[in-house]
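> The structure file input16.pdb (PDB, C-alpha atoms) is provided below.
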ATOM      1  CA  MET A   2      79.556  50.733 -72.891
ATOM      2  CA  LYS A   3      80.635  47.095 -72.730
ATOM      3  CA  VAL A   4      84.200  46.655 -71.501
ATOM      4  CA  PRO A   5      86.159  44.701 -74.132
ATOM      5  CA  SER A   6      88.095  41.569 -73.354
ATOM      6  CA  PRO A   7      91.873  41.879 -73.604
ATOM      7  CA  GLY A   8      93.037  41.335 -77.169
ATOM      8  CA  PRO A   9      95.417  42.484 -79.912
ATOM      9  CA  PHE A  10      95.998  46.228 -80.055
ATOM     10  CA  LEU A  11      97.508  45.967 -83.556
ATOM     11  CA  LYS A  12      96.411  44.454 -86.836
ATOM     12  CA  TRP A  13      99.097  41.854 -87.486
ATOM     13  CA  ALA A  14      99.959  39.466 -90.303
ATOM     14  CA  GLY A  15      99.244  35.871 -89.373
ATOM     15  CA  GLY A  16      96.917  36.697 -86.493
ATOM     16  CA  LYS A  17      95.300  33.702 -84.813
ATOM     17  CA  ARG A  18      91.854  35.030 -83.838
ATOM     18  CA  GLN A  19      90.014  32.532 -86.025
ATOM     19  CA  LEU A  20      92.061  29.606 -84.690
ATOM     20  CA  LEU A  21      91.512  30.413 -81.014
ATOM     21  CA  PRO A  22      88.640  27.930 -80.492
ATOM     22  CA  ALA A  23      90.614  25.086 -82.096
ATOM     23  CA  LEU A  24      93.750  25.931 -80.139
ATOM     24  CA  ALA A  25      91.853  26.305 -76.852
ATOM     25  CA  GLU A  26      90.294  22.857 -77.384
ATOM     26  CA  ARG A  27      93.786  21.398 -77.505
ATOM     27  CA  VAL A  28      95.053  22.955 -74.273
ATOM     28  CA  PRO A  29      96.021  20.284 -71.688
ATOM     29  CA  ARG A  30      93.792  19.695 -68.681
ATOM     30  CA  LYS A  31      96.554  20.793 -66.309
ATOM     31  CA  VAL A  32      96.437  24.243 -67.887
ATOM     32  CA  ARG A  33      92.644  24.385 -67.807
ATOM     33  CA  ASP A  34      92.664  23.446 -64.126
ATOM     34  CA  GLY A  35      95.216  26.091 -63.177
ATOM     35  CA  ARG A  36      97.941  23.599 -62.299
ATOM     36  CA  ILE A  37     100.515  25.045 -64.724
ATOM     37  CA  PRO A  38     101.718  28.421 -63.399
ATOM     38  CA  VAL A  39     103.961  29.596 -66.257
ATOM     39  CA  TYR A  40     103.057  30.497 -69.839
ATOM     40  CA  VAL A  41     105.691  31.094 -72.527
ATOM     41  CA  GLU A  42     105.146  32.363 -76.064
ATOM     42  CA  PRO A  43     108.393  32.560 -78.061
ATOM     43  CA  PHE A  44     106.787  34.346 -81.067
ATOM     44  CA  VAL A  45     104.143  36.638 -79.587
ATOM     45  CA  GLY A  46     103.446  38.728 -82.698
ATOM     46  CA  GLY A  47     100.102  40.479 -82.426
ATOM     47  CA  GLY A  48      99.313  38.517 -79.275
ATOM     48  CA  ALA A  49      95.884  37.020 -80.059
ATOM     49  CA  VAL A  50      96.764  33.692 -78.424
ATOM     50  CA  TYR A  51      98.657  35.302 -75.534
ATOM     51  CA  PHE A  52      95.748  37.591 -74.625
ATOM     52  CA  HIS A  53      93.230  34.765 -74.939
ATOM     53  CA  PHE A  54      95.197  32.211 -72.923
ATOM     54  CA  ASN A  55      96.418  34.621 -70.229
ATOM     55  CA  SER A  56      92.908  35.951 -69.628
ATOM     56  CA  ARG A  57      91.321  32.487 -69.662
ATOM     57  CA  PHE A  58      93.788  30.397 -67.646
ATOM     58  CA  ARG A  59      95.272  31.119 -64.238
ATOM     59  CA  PHE A  60      98.954  31.673 -64.959
ATOM     60  CA  ARG A  61     101.164  33.088 -62.234
ATOM     61  CA  GLU A  62     103.610  34.507 -64.757
ATOM     62  CA  CYS A  63     103.982  34.821 -68.508
ATOM     63  CA  HIS A  64     107.012  35.332 -70.717
ATOM     64  CA  ILE A  65     106.484  36.631 -74.252
ATOM     65  CA  PHE A  66     109.250  36.988 -76.845
ATOM     66  CA  ASP A  67     109.656  38.554 -80.259
ATOM     67  CA  VAL A  68     112.570  39.650 -82.434
ATOM     68  CA  ASN A  69     110.589  42.689 -83.555
ATOM     69  CA  GLU A  70     111.873  45.674 -81.577
ATOM     70  CA  GLU A  71     108.724  47.711 -82.159
ATOM     71  CA  LEU A  72     106.536  44.999 -80.663
ATOM     72  CA  PHE A  73     108.789  44.674 -77.633
ATOM     73  CA  LEU A  74     108.591  48.396 -77.055
ATOM     74  CA  ALA A  75     104.819  48.599 -77.567
ATOM     75  CA  TYR A  76     103.988  45.759 -75.168
ATOM     76  CA  THR A  77     106.265  47.308 -72.546
ATOM     77  CA  VAL A  78     104.676  50.744 -72.877
ATOM     78  CA  ILE A  79     101.132  49.388 -72.712
ATOM     79  CA  ARG A  80     101.989  47.470 -69.563
ATOM     80  CA  ASP A  81     103.859  50.283 -67.776
ATOM     81  CA  ARG A  82     102.728  53.636 -69.248
ATOM     82  CA  VAL A  83      99.272  53.172 -70.667
ATOM     83  CA  ASP A  84      97.927  56.555 -69.441
ATOM     84  CA  GLU A  85     100.697  58.455 -71.206
ATOM     85  CA  LEU A  86     100.269  56.334 -74.341
ATOM     86  CA  ILE A  87      96.549  57.114 -74.532
ATOM     87  CA  GLU A  88      97.221  60.854 -74.220
ATOM     88  CA  VAL A  89      99.733  60.818 -77.080
ATOM     89  CA  LEU A  90      97.379  58.764 -79.246
ATOM     90  CA  ARG A  91      94.601  61.273 -78.604
ATOM     91  CA  GLY A  92      96.882  63.963 -79.987
ATOM     92  CA  PHE A  93      97.560  61.943 -83.128
ATOM     93  CA  ALA A  94      93.868  61.170 -83.575
ATOM     94  CA  GLY A  95      92.800  64.777 -83.167
ATOM     95  CA  GLU A  96      95.351  65.997 -85.695
ATOM     96  CA  TYR A  97      94.591  63.272 -88.240
ATOM     97  CA  LEU A  98      90.792  63.212 -88.042
ATOM     98  CA  SER A  99      90.482  67.009 -88.317
ATOM     99  CA  ARG A 100      92.009  67.004 -91.817
ATOM    100  CA  ASP A 101      90.621  66.298 -95.279
ATOM    101  CA  GLU A 102      91.814  63.311 -97.296
ATOM    102  CA  ALA A 103      94.883  65.046 -98.728
ATOM    103  CA  GLY A 104      95.770  66.446 -95.324
ATOM    104  CA  ARG A 105      95.483  63.011 -93.743
ATOM    105  CA  ARG A 106      97.871  61.536 -96.294
ATOM    106  CA  GLU A 107     100.331  64.334 -95.629
ATOM    107  CA  TYR A 108     100.110  63.901 -91.849
ATOM    108  CA  TYR A 109     100.488  60.131 -92.190
ATOM    109  CA  ARG A 110     103.685  60.614 -94.199
ATOM    110  CA  GLU A 111     105.011  63.047 -91.584
ATOM    111  CA  VAL A 112     104.479  60.536 -88.786
ATOM    112  CA  ARG A 113     105.929  57.702 -90.871
ATOM    113  CA  ASP A 114     109.012  59.753 -91.778
ATOM    114  CA  THR A 115     109.570  60.641 -88.125
ATOM    115  CA  PHE A 116     109.075  57.009 -87.114
ATOM    116  CA  ASN A 117     111.716  55.872 -89.614
ATOM    117  CA  SER A 118     114.228  58.656 -89.017
ATOM    118  CA  ARG A 119     114.354  58.019 -85.271
ATOM    119  CA  ARG A 120     114.503  54.232 -85.468
ATOM    120  CA  LYS A 121     118.214  53.883 -84.749
ATOM    121  CA  ALA A 122     118.149  56.525 -82.017
ATOM    122  CA  ILE A 123     115.686  54.585 -79.861
ATOM    123  CA  GLY A 124     117.564  52.625 -77.223
ATOM    124  CA  ARG A 125     116.068  49.284 -76.219
ATOM    125  CA  ALA A 126     118.360  48.354 -73.334
ATOM    126  CA  GLN A 127     116.161  50.057 -70.735
ATOM    127  CA  PHE A 128     112.960  52.070 -70.677
ATOM    128  CA  HIS A 129     113.106  55.678 -71.856
ATOM    129  CA  PRO A 130     110.215  58.189 -71.967
ATOM    130  CA  CYS A 131     110.595  58.420 -75.763
ATOM    131  CA  TRP A 132     109.238  54.876 -75.942
ATOM    132  CA  VAL A 133     105.738  56.212 -75.291
ATOM    133  CA  GLU A 134     105.669  58.356 -78.426
ATOM    134  CA  ARG A 135     107.300  55.562 -80.407
ATOM    135  CA  ALA A 136     104.590  53.086 -79.383
ATOM    136  CA  ALA A 137     101.903  55.660 -80.185
ATOM    137  CA  GLN A 138     103.405  56.202 -83.642
ATOM    138  CA  LEU A 139     103.369  52.455 -84.266
ATOM    139  CA  ILE A 140      99.710  52.130 -83.273
ATOM    140  CA  PHE A 141      98.735  55.221 -85.269
ATOM    141  CA  LEU A 142     100.505  53.992 -88.406
ATOM    142  CA  ASN A 143      99.058  50.507 -88.008
ATOM    143  CA  ARG A 144      95.527  51.904 -87.704
ATOM    144  CA  THR A 145      95.815  54.304 -90.649
ATOM    145  CA  CYS A 146      98.106  52.516 -93.111
ATOM    146  CA  TYR A 147      96.951  50.564 -96.146
ATOM    147  CA  ASN A 148      95.243  47.315 -95.170
ATOM    148  CA  GLY A 149      96.634  47.388 -91.627
ATOM    149  CA  LEU A 150      99.964  45.938 -92.717
ATOM    150  CA  PHE A 151     103.235  46.071 -90.830
ATOM    151  CA  ARG A 152     106.005  45.792 -93.394
ATOM    152  CA  VAL A 153     109.593  46.989 -93.394
ATOM    153  CA  ASN A 154     112.124  47.198 -96.191
ATOM    154  CA  SER A 155     115.676  45.823 -96.174
ATOM    155  CA  ARG A 156     116.817  48.863 -94.161
ATOM    156  CA  GLY A 157     114.205  48.204 -91.493
ATOM    157  CA  GLU A 158     112.058  51.188 -92.496
ATOM    158  CA  PHE A 159     108.275  51.040 -92.302
ATOM    159  CA  ASN A 160     107.199  51.512 -95.911
ATOM    160  CA  VAL A 161     103.426  50.925 -96.086
ATOM    161  CA  PRO A 162     101.428  53.721 -97.797
ATOM    162  CA  SER A 163      98.508  55.433 -96.124
ATOM    163  CA  GLY A 164      95.055  53.892 -96.195
ATOM    164  CA  ARG A 165      91.721  55.515 -96.865
ATOM    165  CA  TYR A 166      89.519  55.258 -93.797
ATOM    166  CA  ARG A 167      86.636  57.527 -92.904
ATOM    167  CA  ASN A 168      86.911  57.164 -89.138
ATOM    168  CA  PRO A 169      89.710  54.789 -88.054
ATOM    169  CA  LEU A 170      89.789  53.775 -84.388
ATOM    170  CA  ILE A 171      93.148  55.235 -83.429
ATOM    171  CA  VAL A 172      92.543  55.397 -79.661
ATOM    172  CA  ASN A 173      90.897  52.237 -78.344
ATOM    173  CA  GLU A 174      91.211  53.280 -74.710
ATOM    174  CA  PRO A 175      89.117  50.485 -73.120
ATOM    175  CA  LEU A 176      91.097  47.805 -74.944
ATOM    176  CA  LEU A 177      94.469  49.348 -74.104
ATOM    177  CA  ARG A 178      93.551  49.547 -70.425
ATOM    178  CA  GLN A 179      92.384  45.923 -70.348
ATOM    179  CA  ASP A 180      95.580  44.841 -72.075
ATOM    180  CA  SER A 181      97.660  46.840 -69.605
ATOM    181  CA  LEU A 182      96.025  45.089 -66.656
ATOM    182  CA  LEU A 183      96.560  41.659 -68.173
ATOM    183  CA  LEU A 184     100.216  42.360 -68.959
ATOM    184  CA  ARG A 185     101.029  42.930 -65.292
ATOM    185  CA  ASN A 186     101.943  39.272 -64.808
ATOM    186  CA  THR A 187     104.046  39.267 -67.976
ATOM    187  CA  VAL A 188     107.730  39.775 -68.733
ATOM    188  CA  VAL A 189     108.313  41.098 -72.254
ATOM    189  CA  HIS A 190     111.524  39.883 -73.907
ATOM    190  CA  LEU A 191     113.256  41.155 -77.035
ATOM    191  CA  GLY A 192     114.988  38.224 -78.668
ATOM    192  CA  ASP A 193     115.084  35.002 -80.617
ATOM    193  CA  PHE A 194     112.790  32.141 -79.682
ATOM    194  CA  ALA A 195     115.733  30.108 -78.366
ATOM    195  CA  GLN A 196     116.139  32.613 -75.531
ATOM    196  CA  SER A 197     112.960  31.233 -73.971
ATOM    197  CA  LEU A 198     114.655  27.945 -72.995
ATOM    198  CA  PRO A 199     115.429  28.968 -69.366
ATOM    199  CA  PHE A 200     111.676  29.348 -68.755
ATOM    200  CA  MET A 201     110.792  25.859 -69.978
ATOM    201  CA  SER A 202     110.100  23.359 -67.209
ATOM    202  CA  GLU A 203     107.452  20.967 -65.926
ATOM    203  CA  GLU A 204     105.583  24.067 -64.715
ATOM    204  CA  THR A 205     105.414  25.582 -68.217
ATOM    205  CA  PHE A 206     102.905  25.583 -71.051
ATOM    206  CA  ALA A 207     104.320  27.077 -74.258
ATOM    207  CA  TYR A 208     102.658  27.996 -77.544
ATOM    208  CA  PHE A 209     104.802  28.504 -80.663
ATOM    209  CA  ASP A 210     103.507  30.623 -83.540
ATOM    210  CA  PRO A 211     106.511  31.038 -85.858
ATOM    211  CA  PRO A 212     106.385  32.859 -89.183
ATOM    212  CA  TYR A 213     104.442  30.436 -91.317
ATOM    213  CA  ARG A 214     106.131  28.484 -94.070
ATOM    214  CA  PRO A 215     104.750  29.825 -97.395
ATOM    215  CA  ILE A 216     102.315  27.406 -99.015
ATOM    216  CA  SER A 217     102.521  28.992-102.459
ATOM    217  CA  ARG A 218     105.069  30.950-104.421
ATOM    218  CA  THR A 219     103.188  34.185-103.846
ATOM    219  CA  ALA A 220     102.304  33.685-100.170
ATOM    220  CA  ARG A 221     104.551  35.504 -97.717
ATOM    221  CA  PHE A 222     103.693  35.506 -94.024
ATOM    222  CA  THR A 223     107.046  36.960 -92.846
ATOM    223  CA  ALA A 224     106.578  40.519 -94.110
ATOM    224  CA  TYR A 225     106.602  42.011 -90.620
ATOM    225  CA  SER A 226     110.315  41.363 -90.170
ATOM    226  CA  GLN A 227     113.492  42.227 -92.042
ATOM    227  CA  ASP A 228     114.619  38.635 -91.605
ATOM    228  CA  GLY A 229     112.879  35.790 -93.378
ATOM    229  CA  PHE A 230     112.181  32.468 -91.706
ATOM    230  CA  SER A 231     113.616  29.814 -94.010
ATOM    231  CA  ASP A 232     113.233  26.046 -93.930
ATOM    232  CA  ALA A 233     116.554  25.959 -92.091
ATOM    233  CA  GLU A 234     114.993  28.146 -89.385
ATOM    234  CA  GLN A 235     111.946  25.878 -89.270
ATOM    235  CA  GLU A 236     114.322  22.964 -88.714
ATOM    236  CA  ARG A 237     116.167  24.869 -85.971
ATOM    237  CA  LEU A 238     112.818  25.538 -84.316
ATOM    238  CA  ALA A 239     111.924  21.833 -84.457
ATOM    239  CA  ARG A 240     115.185  20.993 -82.679
ATOM    240  CA  PHE A 241     114.386  23.627 -80.073
ATOM    241  CA  PHE A 242     110.865  22.209 -79.662
ATOM    242  CA  ALA A 243     112.443  18.824 -78.942
ATOM    243  CA  ALA A 244     114.829  20.424 -76.416
ATOM    244  CA  CYS A 245     111.879  22.039 -74.623
ATOM    245  CA  ASN A 246     110.181  18.657 -74.550
ATOM    246  CA  THR A 247     113.126  17.183 -72.632
ATOM    247  CA  LYS A 248     112.645  19.910 -70.015
ATOM    248  CA  GLY A 249     109.142  18.592 -69.306
ATOM    249  CA  ALA A 250     107.192  21.578 -70.633
ATOM    250  CA  LEU A 251     103.786  21.125 -72.276
ATOM    251  CA  LEU A 252     104.102  22.388 -75.862
ATOM    252  CA  MET A 253     101.842  23.448 -78.720
ATOM    253  CA  LEU A 254     102.894  24.762 -82.149
ATOM    254  CA  SER A 255     100.973  25.801 -85.243
ATOM    255  CA  ASN A 256     102.087  26.316 -88.838
ATOM    256  CA  SER A 257     100.827  26.250 -92.392
ATOM    257  CA  ASP A 258      99.982  22.900 -93.938
ATOM    258  CA  PRO A 259     101.977  22.355 -97.153
ATOM    259  CA  ARG A 260      99.524  19.626 -98.176
ATOM    260  CA  ASN A 261      97.046  22.373 -99.100
ATOM    261  CA  THR A 262      98.923  22.859-102.357
ATOM    262  CA  ASP A 263     101.023  19.698-102.550
ATOM    263  CA  PRO A 264      99.467  16.548-101.045
ATOM    264  CA  GLY A 265     102.875  14.897-101.093
ATOM    265  CA  ASP A 266     104.642  17.603 -99.103
ATOM    266  CA  ASP A 267     105.167  16.108 -95.641
ATOM    267  CA  PHE A 268     107.682  18.702 -94.432
ATOM    268  CA  PHE A 269     106.123  19.190 -90.987
ATOM    269  CA  ASP A 270     105.010  15.572 -90.619
ATOM    270  CA  GLN A 271     108.655  14.565 -90.981
ATOM    271  CA  LEU A 272     110.000  17.458 -88.921
ATOM    272  CA  TYR A 273     107.744  16.674 -85.935
ATOM    273  CA  SER A 274     107.415  12.914 -86.495
ATOM    274  CA  GLY A 275     107.907  12.158 -82.813
ATOM    275  CA  PHE A 276     104.990  14.337 -81.700
ATOM    276  CA  SER A 277     101.207  14.499 -82.105
ATOM    277  CA  ILE A 278     100.098  16.263 -85.297
ATOM    278  CA  THR A 279      96.543  17.306 -86.106
ATOM    279  CA  ARG A 280      95.091  19.584 -88.752
ATOM    280  CA  VAL A 281      92.521  22.318 -88.238
ATOM    281  CA  SER A 282      90.483  24.339 -90.696
ATOM    282  CA  ALA A 283      91.320  28.000 -91.227
ATOM    283  CA  ARG A 284      90.382  30.739 -93.646
ATOM    284  CA  ARG A 285      93.441  32.036 -95.464
ATOM    285  CA  ALA A 286      94.477  33.519 -98.788
ATOM    286  CA  ILE A 287      96.798  31.022-100.489
ATOM    287  CA  ASN A 288      97.208  33.116-103.635
ATOM    288  CA  SER A 289      97.587  36.825-104.267
ATOM    289  CA  ASP A 290      94.161  37.133-105.894
ATOM    290  CA  GLY A 291      90.703  36.540-104.515
ATOM    291  CA  ALA A 292      90.354  33.187-106.273
ATOM    292  CA  GLY A 293      92.912  31.769-103.879
ATOM    293  CA  ARG A 294      90.943  32.606-100.764
ATOM    294  CA  GLY A 295      89.113  29.884 -98.942
ATOM    295  CA  ARG A 296      89.212  27.331 -96.153
ATOM    296  CA  ILE A 297      92.468  25.472 -95.831
ATOM    297  CA  SER A 298      94.062  23.393 -93.116
ATOM    298  CA  GLU A 299      96.817  24.321 -90.699
ATOM    299  CA  VAL A 300      99.077  22.040 -88.718
ATOM    300  CA  VAL A 301      98.956  21.878 -84.910
ATOM    301  CA  VAL A 302     101.771  20.004 -83.163
ATOM    302  CA  THR A 303     101.721  19.043 -79.478
ATOM    303  CA  ASN A 304     103.980  16.961 -77.265
ATOM    304  CA  TYR A 305     100.963  15.376 -75.584
ATOM    305  CA  PRO A 306      98.350  13.041 -77.118
ATOM    306  CA  ILE A 307      95.694  14.477 -79.402
ATOM    307  CA  GLY A 308      92.531  12.594 -80.240
ATOM    308  CA  ARG A 309      88.841  13.353 -80.442
ATOM    309  CA  PRO A 310      88.004  16.699 -78.717
ATOM    310  CA  GLY A 311      87.331  16.059 -75.058
ATOM    311  CA  THR A 312      89.439  12.892 -74.909
ATOM    312  CA  TYR A 313      93.000  14.132 -75.369
ATOM    313  CA  LEU A 314      93.527  16.355 -72.356
ATOM    314  CA  PRO A 315      96.492  14.822 -70.468
ATOM    315  CA  GLU A 316      96.705  14.841 -66.714
TER     316      GLU A 316
END
In structure tokens, what does this structure look like?


Amino acid sequence: MKVPSPGPFLKWAGGKRQLLPALAERVPRKVRDGRIPVYVEPFVGGGAVYFHFNSRFRFRECHIFDVNEELFLAYTVIRDRVDELIEVLRGFAGEYLSRDEAGRREYYREVRDTFNSRRKAIGRAQFHPCWVERAAQLIFLNRTCYNGLFRVNSRGEFNVPSGRYRNPLIVNEPLLRQDSLLLRNTVVHLGDFAQSLPFMSEETFAYFDPPYRPISRTARFTAYSQDGFSDAEQERLARFFAACNTKGALLMLSNSDPRNTDPGDDFFDQLYSGFSITRVSARRAINSDGAGRGRISEVVVTNYPIGRPGTYLPE
């Protein structure tokens, strides 16, 4: 069996798998050559970019941040207790897969109810053995819920219904073990993106993947969090990006391109007017129905020059 490369262990809204080639092309030469020892990702989310960059480039240390408590817990458990996590997941998989469709729905609801009822009782200040089961519940629910969504209501409760899968991959042991190995050089932080500032320096490369600004009235890319990410937050992030620039860090940021639906909307062009802005092609749904699906552009901002691929890699 082929050993998988490290990669996301969850299905996650706004994942960047399809953008990885375009983002990797825009990585500075210093990073490619192993001359930048620190990687920072202030919005790690599902981790597609983190896993790709950390496995491809020679970073001495990484710092990943997210405001989502469940993500913080899951990354920590995979790094430190992957054997125990796999055992608990095997128990969930055995119980779920042995049932008929009605039984699976019932078991899913039981796990979801337990997950929600214990949310406030889980301490995040320091590791506790109950984190292992919590992380396993998250992965189980993510792999068996409708459409692989992670969505919480205003009370912070996971509220996605069960999906209908014949044989969902609940225990991806090879992937979890590869991810655990890669995470060994990584500090996992629970907190706002601004808390990453102490790790920004001339030895740092940082990639920002904030909740995308909606490009239509029906598009919502912030469903994974109780808290929305308004234009005011986008503006706060732009100020933070500029502050990181003054620290000498190499910076990259991606976001939706409002020009997809309004050619006159230059929100990000104005917000990051002092930096290099390019657009890359991506496949996204810009409406709630299938007619709105297609190739659109996304914005990539860097604080180093961007030109024709192969010519913009700064020393």

> Just the number, please: distance in Å from CA of Leu272 (chain A) to CA of Tyr208 (chain A), one decimal.

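Taking CA of Leu272 (chain A) as the start and CA of Tyr208 (chain A) as the end point, the length is 17.2 Å.
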
> With the PyMOL selection byres ((chain A and resi 114-130) around 8) as the selection, what would be picked from this file? Answer as number ranges by chain, please.

A: 70, 74, 110-113, 131-135, 138-139, 158-159

> Suppose a student applies the PyMOL selection byres ((chain A and resi 142) around 12) to this structure; what residues should they get, written as an MDAnalysis selection string?

chainID A and resid 11:12 90 93:94 97 105:106 108:117 135:141 143:152 159:164 169:172

> Smallest atom-to-atom distance to Ser181 (chain A): which of A:Val281, A:Met253, A:Val41, A:Ile79, using all atoms listed in the file?

A:Ile79

> Pick the closest to Asn173 (chain A) from A:Leu252, A:Ile87, A:Ala103, A:Cys245: which is it, counting all atoms listed in the file?

A:Ile87

> Nearest to Phe206 (chain A): which of A:Glu42, A:Glu107, A:Glu299, A:Asp180 is it, counting all atoms listed in the file?

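Closest candidate: A:Glu42.
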
> Written as JSON, numbers by chain, which residues does the PyMOL selection byres ((chain A and resi 51) around 12) give for the file shown?

{"A": [7, 8, 9, 16, 17, 18, 21, 24, 25, 40, 41, 42, 43, 44, 45, 46, 47, 48, 49, 50, 52, 53, 54, 55, 56, 57, 58, 60, 62, 63, 64, 65, 66, 76, 180, 183, 184, 186, 187, 189, 206, 207, 208, 209, 210]}

> Take the residues from that selection and put them in a file with C-alpha atoms, as a short mmCIF file (atom, residue, chain, number, x, y, z; two decimals), in the coordinates of the input.


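Just written: out-v1.cif:
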data_model
loop_
_atom_site.label_atom_id
_atom_site.label_comp_id
_atom_site.auth_asym_id
_atom_site.auth_seq_id
_atom_site.Cartn_x
_atom_site.Cartn_y
_atom_site.Cartn_z
CA PRO A 7 91.87 41.88 -73.60
CA GLY A 8 93.04 41.34 -77.17
CA PRO A 9 95.42 42.48 -79.91
CA GLY A 16 96.92 36.70 -86.49
CA LYS A 17 95.30 33.70 -84.81
CA ARG A 18 91.85 35.03 -83.84
CA LEU A 21 91.51 30.41 -81.01
CA LEU A 24 93.75 25.93 -80.14
CA ALA A 25 91.85 26.30 -76.85
CA TYR A 40 103.06 30.50 -69.84
CA VAL A 41 105.69 31.09 -72.53
CA GLU A 42 105.15 32.36 -76.06
CA PRO A 43 108.39 32.56 -78.06
CA PHE A 44 106.79 34.35 -81.07
CA VAL A 45 104.14 36.64 -79.59
CA GLY A 46 103.45 38.73 -82.70
CA GLY A 47 100.10 40.48 -82.43
CA GLY A 48 99.31 38.52 -79.28
CA ALA A 49 95.88 37.02 -80.06
CA VAL A 50 96.76 33.69 -78.42
CA PHE A 52 95.75 37.59 -74.62
CA HIS A 53 93.23 34.76 -74.94
CA PHE A 54 95.20 32.21 -72.92
CA ASN A 55 96.42 34.62 -70.23
CA SER A 56 92.91 35.95 -69.63
CA ARG A 57 91.32 32.49 -69.66
CA PHE A 58 93.79 30.40 -67.65
CA PHE A 60 98.95 31.67 -64.96
CA GLU A 62 103.61 34.51 -64.76
CA CYS A 63 103.98 34.82 -68.51
CA HIS A 64 107.01 35.33 -70.72
CA ILE A 65 106.48 36.63 -74.25
CA PHE A 66 109.25 36.99 -76.84
CA TYR A 76 103.99 45.76 -75.17
CA ASP A 180 95.58 44.84 -72.08
CA LEU A 183 96.56 41.66 -68.17
CA LEU A 184 100.22 42.36 -68.96
CA ASN A 186 101.94 39.27 -64.81
CA THR A 187 104.05 39.27 -67.98
CA VAL A 189 108.31 41.10 -72.25
CA PHE A 206 102.90 25.58 -71.05
CA ALA A 207 104.32 27.08 -74.26
CA TYR A 208 102.66 28.00 -77.54
CA PHE A 209 104.80 28.50 -80.66
CA ASP A 210 103.51 30.62 -83.54
#

> Please compute the CA of Ser231 (chain A)-CA of Pro211 (chain A) distance, one decimal, in Å.

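That distance, rounded to one decimal, is 10.9 Å.
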
> Identify which of the residues A:Arg165, A:Arg178, A:Arg296, A:Arg82 lies closest to Gly104 (chain A), counting all atoms listed in the file when measuring atom-to-atom distances.

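Smallest separation from Gly104 (chain A) among the options: A:Arg165.
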
> What is the distance between CA of Ile307 (chain A) and CA of Arg30 (chain A), in Å to one decimal?

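If I compute the distance from CA of Ile307 (chain A) to CA of Arg30 (chain A), I get 12.1 Å.
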